[in-house]
Amino acid sequence: MELVQQIWEGSGLYQVSAGQLMMLGICLGLLYLGIVRKFEPLLLVTIGFGGLLSNIPGAEIATGNGLLALTYEVGIKTGAFPLIIFMGVGALTDFGPLLANPRTLFLGAAAQFGIFATLLGALAMTSLGWADFSLKDAAAIGIIGGADGPTAIYVAGQLAPDLLGAIAVAAYSYMALVPMIQPPIMRLLTTKSERQIEMRQLRHVSKTEKVLFPLVLLLLVALLLPTAAPLIGMLAFGNLMRECGVVERLSNTTQNALINIVTIFLGLAVGSKLSAEQFLEWNTLFILALGMVAFAIGTASGVLMAKLMNKMSSRPINPLIGAAGVSAVPMAARVANKVGLEENPHNILLMHAMGPNVAGVIGSAVAAGIMIMFTSG
């Protein structure tokens, strides 16, 4: 009997708490969204499974010298994993549409307004006594509005590691829900005639322009804002490997094997922060709510910027592509194209929307640098 009791008391069933059971249910929900609904499966499957492991009593895989704890220390706390992911994003991204129509850079910049508005919102909630967020916490939460998972993880790891799990789940959940969240906002802020605007075919972008762009981007941003240099630098390096044409093996490795390997460990490491003790608190609900507000404001800001630019230019922009200014690449661009086709079956907006979409990637990295610069120290 003593042996049976000892086995029972050492089991996870005996040790499990109500909070851990709830988190196990939440993590199974993330797996459902990734596997069945196919919402950002590359991240939600790995994050959800990492969350399961971190909430099994007695496993200790996410604490101390456990594998997930060590993975977090090496890859997230140091910022290495998000930076490597950014290098992969650069290698996968064609900046041609942005170079062909540089005006769309303003749409990507405008969509970052949601980041700063949410920072102020988080601080306001703290001043009212509804939440307990420091300036660093508020900055990390605001980055959710950029709809850029690696950037959100990088900033949270630097400024608010205790909030990493909630911020990562919010960022990737809203990225996955782009097709549901954005269209109502886009239709609300535009008229039927605006949604039917057809845009001119983009000009051809030379190889020289594409090779010079990452170099100019790095030097310009890094010299003005050194805190953004790590993110922008990895993005620029990945893109240079893609466009220069002399390191195809390195580019192919970065686009495939390397980014896939790092994505696995990044997702598991983020999942390690979904323990009941860290996730189940009021601040988590506020983070999820503020993340939704940030994303909605970013979408609206991009659309409204496009409408404003149309007032000042004789060459019209379809305001729908402004919603692609959030850096959920390429999903936001596809959503803009889909809504445009619903209003005008001859209105192909995909390549036009890729301009603000990739500009949003740059914009979110710059916003991250600004947040880190003003909140660190």
# chains A, B, ... in the order shown; residues from 1 in each chain; ligands from 1

$ closest_atom_pairs --of "segment 59-162 of chain A" --to "segment 31-49 of chain A" --cutoff "12 Å" --atoms "only C-alpha atoms" --output "JSON lines"
{"residue": "A:Ala62", "atom": "CA", "partner": "A:Phe49", "partner_atom": "CA", "distance": 11.9}
{"residue": "A:Leu68", "atom": "CA", "partner": "A:Phe49", "partner_atom": "CA", "distance": 11.2}
{"residue": "A:Ile85", "atom": "CA", "partner": "A:Leu43", "partner_atom": "CA", "distance": 11.9}
{"residue": "A:Gly149", "atom": "CA", "partner": "A:Leu43", "partner_atom": "CA", "distance": 9.3}
{"residue": "A:Pro150", "atom": "CA", "partner": "A:Leu43", "partner_atom": "CA", "distance": 10.6}

$ closest_atom_pairs --of "segment 48-149 of chain A" --to "segment 259-270 of chain A" --cutoff "10 Å" --atoms "only C-alpha atoms" --output "tab-separated table"
residue	atom	partner	partner_atom	distance
A:Gly48	CA	A:Leu268	CA	7.9
A:Phe49	CA	A:Leu268	CA	6.9
A:Gly50	CA	A:Leu268	CA	4.4
A:Gly51	CA	A:Leu268	CA	7.5
A:Leu52	CA	A:Leu268	CA	9.8
A:Leu53	CA	A:Leu268	CA	8.9
A:Ser54	CA	A:Leu268	CA	9.4
A:Ala62	CA	A:Ala269	CA	8.3
A:Leu67	CA	A:Ala269	CA	9.0
A:Leu68	CA	A:Ala269	CA	5.5
A:Ala69	CA	A:Ala269	CA	7.1
A:Leu70	CA	A:Ala269	CA	8.5
A:Thr71	CA	A:Ala269	CA	5.8
A:Tyr72	CA	A:Ala269	CA	4.8
A:Glu73	CA	A:Ala269	CA	8.6
A:Val74	CA	A:Ala269	CA	9.5
A:Gly75	CA	A:Leu266	CA	7.0
A:Ile76	CA	A:Ala269	CA	7.2
A:Lys77	CA	A:Ala269	CA	9.9
A:Ala80	CA	A:Val262	CA	9.4
A:Phe81	CA	A:Leu266	CA	6.1
A:Pro82	CA	A:Leu266	CA	7.7
A:Ile84	CA	A:Ile259	CA	7.1
A:Ile85	CA	A:Ile259	CA	5.8
A:Phe86	CA	A:Ile259	CA	8.9
A:Met87	CA	A:Ile259	CA	8.3
A:Gly88	CA	A:Ile259	CA	5.6
A:Val89	CA	A:Ile259	CA	8.4
A:Ala91	CA	A:Ile259	CA	9.9

$ write_last_selection --atoms "C-alpha atoms" --output "compact mmCIF listing (two decimals), in the first residue's frame"
# COMPACT_ATOMS: atom_id res chain seq x y z
CA GLY A 48 0.73 24.79 -27.94
CA PHE A 49 2.81 21.65 -27.48
CA GLY A 50 5.44 23.56 -25.52
CA GLY A 51 2.64 24.83 -23.30
CA LEU A 52 1.43 21.27 -22.67
CA LEU A 53 4.91 20.24 -21.57
CA SER A 54 5.31 23.26 -19.29
CA ALA A 62 10.35 24.18 -18.58
CA LEU A 67 15.28 21.39 -22.16
CA LEU A 68 12.65 24.10 -22.74
CA ALA A 69 14.08 26.28 -19.98
CA LEU A 70 17.55 26.05 -21.51
CA THR A 71 16.11 26.67 -24.99
CA TYR A 72 14.43 29.82 -23.70
CA GLU A 73 17.63 31.05 -22.06
CA VAL A 74 19.74 30.45 -25.16
CA GLY A 75 17.29 31.45 -27.88
CA ILE A 76 14.74 33.91 -26.49
CA LYS A 77 16.42 35.68 -23.59
CA ALA A 80 18.92 34.95 -31.00
CA PHE A 81 15.84 33.05 -32.27
CA PRO A 82 13.76 36.10 -33.32
CA ILE A 84 17.46 34.37 -37.00
CA ILE A 85 13.77 34.26 -37.95
CA PHE A 86 14.10 37.84 -39.22
CA MET A 87 17.06 36.76 -41.37
CA GLY A 88 14.83 34.06 -42.84
CA VAL A 89 12.05 36.57 -43.45
CA ALA A 91 15.59 35.84 -47.48

$ atom_distance --atom1 "atom CA of Ser275 of chain A" --atom2 "atom CA of Gly19 of chain A"
8.7 Å

$ closest_residue --among "A:Ile370, A:Met23, A:Ile197, A:Val326" --to "Ser301 of chain A" --atoms "only C-alpha atoms"
A:Val326

$ select_by_dssp --residues "segment 225-351 of chain A" --states "helix (DSSP H, G or I)" --output "MDAnalysis selection string"
chainID A and resid 226:244 248:271 276:279 282:311 319:325 331:343 350:351

$ write_last_selection --atoms "C-alpha atoms" --output "compact mmCIF listing (two decimals), in the first residue's frame"
# COMPACT_ATOMS: atom_id res chain seq x y z
CA PRO A 226 21.20 51.70 -33.42
CA THR A 227 18.71 49.82 -31.22
CA ALA A 228 16.87 48.72 -34.38
CA ALA A 229 20.10 47.50 -36.01
CA PRO A 230 19.84 43.85 -34.83
CA LEU A 231 16.38 43.32 -36.38
CA ILE A 232 16.98 45.43 -39.48
CA GLY A 233 20.47 43.98 -39.87
CA MET A 234 19.25 40.38 -39.97
CA LEU A 235 16.39 41.33 -42.31
CA ALA A 236 18.81 43.14 -44.63
CA PHE A 237 21.37 40.31 -44.56
CA GLY A 238 18.76 37.70 -45.45
CA ASN A 239 17.46 39.85 -48.29
CA LEU A 240 20.96 40.56 -49.60
CA MET A 241 21.65 36.81 -49.79
CA ARG A 242 18.43 36.43 -51.76
CA GLU A 243 19.07 39.21 -54.25
CA CYS A 244 22.83 39.20 -54.83
CA GLU A 248 22.21 30.59 -53.55
CA ARG A 249 23.13 27.75 -51.18
CA LEU A 250 23.17 30.08 -48.20
CA SER A 251 19.95 31.74 -49.28
CA ASN A 252 18.18 28.41 -49.79
CA THR A 253 19.37 27.15 -46.40
CA THR A 254 18.14 30.31 -44.70
CA GLN A 255 14.77 30.17 -46.45
CA ASN A 256 14.18 26.51 -45.62
CA ALA A 257 16.23 24.40 -43.20
CA LEU A 258 17.49 27.15 -40.90
CA ILE A 259 14.23 29.05 -40.45
CA ASN A 260 12.32 25.78 -39.96
CA ILE A 261 14.70 24.49 -37.27
CA VAL A 262 14.66 27.79 -35.39
CA THR A 263 10.85 28.02 -35.68
CA ILE A 264 10.54 24.66 -33.89
CA PHE A 265 12.69 25.69 -30.95
CA LEU A 266 11.28 29.23 -30.81
CA GLY A 267 7.72 27.89 -30.55
CA LEU A 268 8.65 25.39 -27.84
CA ALA A 269 10.56 28.05 -25.90
CA VAL A 270 7.61 30.44 -26.04
CA GLY A 271 5.33 27.60 -24.94
CA ALA A 276 -0.38 28.57 -15.14
CA GLU A 277 1.55 30.73 -12.66
CA GLN A 278 2.60 33.20 -15.36
CA PHE A 279 -0.38 33.11 -17.73
CA TRP A 282 -5.77 39.58 -15.00
CA ASN A 283 -2.90 41.22 -16.83
CA THR A 284 -3.03 38.43 -19.43
CA LEU A 285 -6.65 39.28 -20.29
CA PHE A 286 -5.72 42.93 -20.58
CA ILE A 287 -2.83 42.02 -22.90
CA LEU A 288 -5.15 40.04 -25.17
CA ALA A 289 -7.65 42.92 -25.25
CA LEU A 290 -4.98 45.57 -25.86
CA GLY A 291 -3.45 43.43 -28.59
CA MET A 292 -6.77 43.36 -30.42
CA VAL A 293 -7.09 47.15 -30.09
CA ALA A 294 -3.52 47.62 -31.34
CA PHE A 295 -4.16 45.47 -34.39
CA ALA A 296 -7.46 47.20 -35.20
CA ILE A 297 -5.90 50.67 -34.88
CA GLY A 298 -2.97 49.64 -37.08
CA THR A 299 -5.33 48.37 -39.79
CA ALA A 300 -7.47 51.51 -39.64
CA SER A 301 -4.45 53.83 -39.68
CA GLY A 302 -3.12 52.28 -42.88
CA VAL A 303 -6.48 52.63 -44.64
CA LEU A 304 -6.94 56.23 -43.50
CA MET A 305 -3.40 57.14 -44.60
CA ALA A 306 -4.19 55.84 -48.10
CA LYS A 307 -7.34 57.98 -48.20
CA LEU A 308 -5.33 61.02 -47.11
CA MET A 309 -2.69 60.38 -49.78
CA ASN A 310 -5.44 60.24 -52.40
CA LYS A 311 -6.44 63.77 -51.39
CA PRO A 319 -7.28 52.39 -49.70
CA LEU A 320 -7.64 48.64 -49.16
CA ILE A 321 -3.90 48.14 -49.57
CA GLY A 322 -3.34 50.43 -46.57
CA ALA A 323 -4.62 47.62 -44.33
CA ALA A 324 -1.66 45.53 -45.52
CA GLY A 325 0.64 47.96 -43.71
CA MET A 331 -1.60 37.24 -45.32
CA ALA A 332 -2.58 40.92 -44.99
CA ALA A 333 -1.77 41.51 -48.67
CA ARG A 334 -3.90 38.53 -49.66
CA VAL A 335 -6.82 39.85 -47.60
CA ALA A 336 -6.59 43.27 -49.30
CA ASN A 337 -6.56 41.54 -52.69
CA LYS A 338 -9.56 39.36 -51.78
CA VAL A 339 -11.70 42.28 -50.60
CA GLY A 340 -10.77 44.24 -53.74
CA LEU A 341 -11.77 41.35 -56.00
CA GLU A 342 -15.15 41.11 -54.26
CA GLU A 343 -15.91 44.68 -55.38
CA LEU A 350 -1.91 41.58 -54.49
CA MET A 351 1.41 42.96 -55.75

$ atom_distance --atom1 "atom CA of Val246 of chain A" --atom2 "atom CA of Leu83 of chain A"
22.8 Å

$ residues_around --residues "segment 174-177 of chain A" --least-positions-apart "3" --cutoff "7 Å" --atoms "only C-alpha atoms" --output "PDB file with N, CA and C atoms, in the first residue's frame"
ATOM      1  N   PHE A  39      -4.660  27.859 -38.523  1.00  0.00           N
ATOM      2  CA  PHE A  39      -4.292  29.233 -38.177  1.00  0.00           C
ATOM      3  C   PHE A  39      -2.824  29.248 -37.724  1.00  0.00           C
ATOM      4  N   GLU A  40      -1.942  29.842 -38.532  1.00  0.00           N
ATOM      5  CA  GLU A  40      -0.514  29.927 -38.193  1.00  0.00           C
ATOM      6  C   GLU A  40      -0.002  28.612 -37.597  1.00  0.00           C
ATOM      7  N   ALA A 147       1.634  43.264 -35.681  1.00  0.00           N
ATOM      8  CA  ALA A 147       1.301  41.953 -36.253  1.00  0.00           C
ATOM      9  C   ALA A 147       2.548  41.243 -36.767  1.00  0.00           C
ATOM     10  N   ALA A 170      -0.921  36.297 -28.139  1.00  0.00           N
ATOM     11  CA  ALA A 170      -1.754  37.354 -28.715  1.00  0.00           C
ATOM     12  C   ALA A 170      -1.274  37.726 -30.107  1.00  0.00           C
ATOM     13  N   ALA A 171       0.035  37.909 -30.274  1.00  0.00           N
ATOM     14  CA  ALA A 171       0.582  38.333 -31.564  1.00  0.00           C
ATOM     15  C   ALA A 171       0.278  37.314 -32.655  1.00  0.00           C
ATOM     16  N   MET A 180     -10.300  37.463 -40.638  1.00  0.00           N
ATOM     17  CA  MET A 180     -11.561  37.720 -39.956  1.00  0.00           C
ATOM     18  C   MET A 180     -11.622  39.141 -39.385  1.00  0.00           C
ATOM     19  N   ILE A 181     -10.484  39.646 -38.910  1.00  0.00           N
ATOM     20  CA  ILE A 181     -10.471  40.938 -38.226  1.00  0.00           C
ATOM     21  C   ILE A 181     -10.454  42.113 -39.202  1.00  0.00           C
ATOM     22  N   ALA A 328       1.902  41.365 -41.240  1.00  0.00           N
ATOM     23  CA  ALA A 328       1.550  39.950 -41.340  1.00  0.00           C
ATOM     24  C   ALA A 328       1.729  39.532 -42.800  1.00  0.00           C
TER      25      ALA A 328
END

$ atom_distance --atom1 "atom CA of Met312 of chain A" --atom2 "atom CA of Phe106 of chain A"
13.2 Å

$ closest_residue --among "A:Ile185, A:Val155, A:Ala353, A:Met371" --to "Met199 of chain A" --atoms "only C-alpha atoms"
A:Ala353
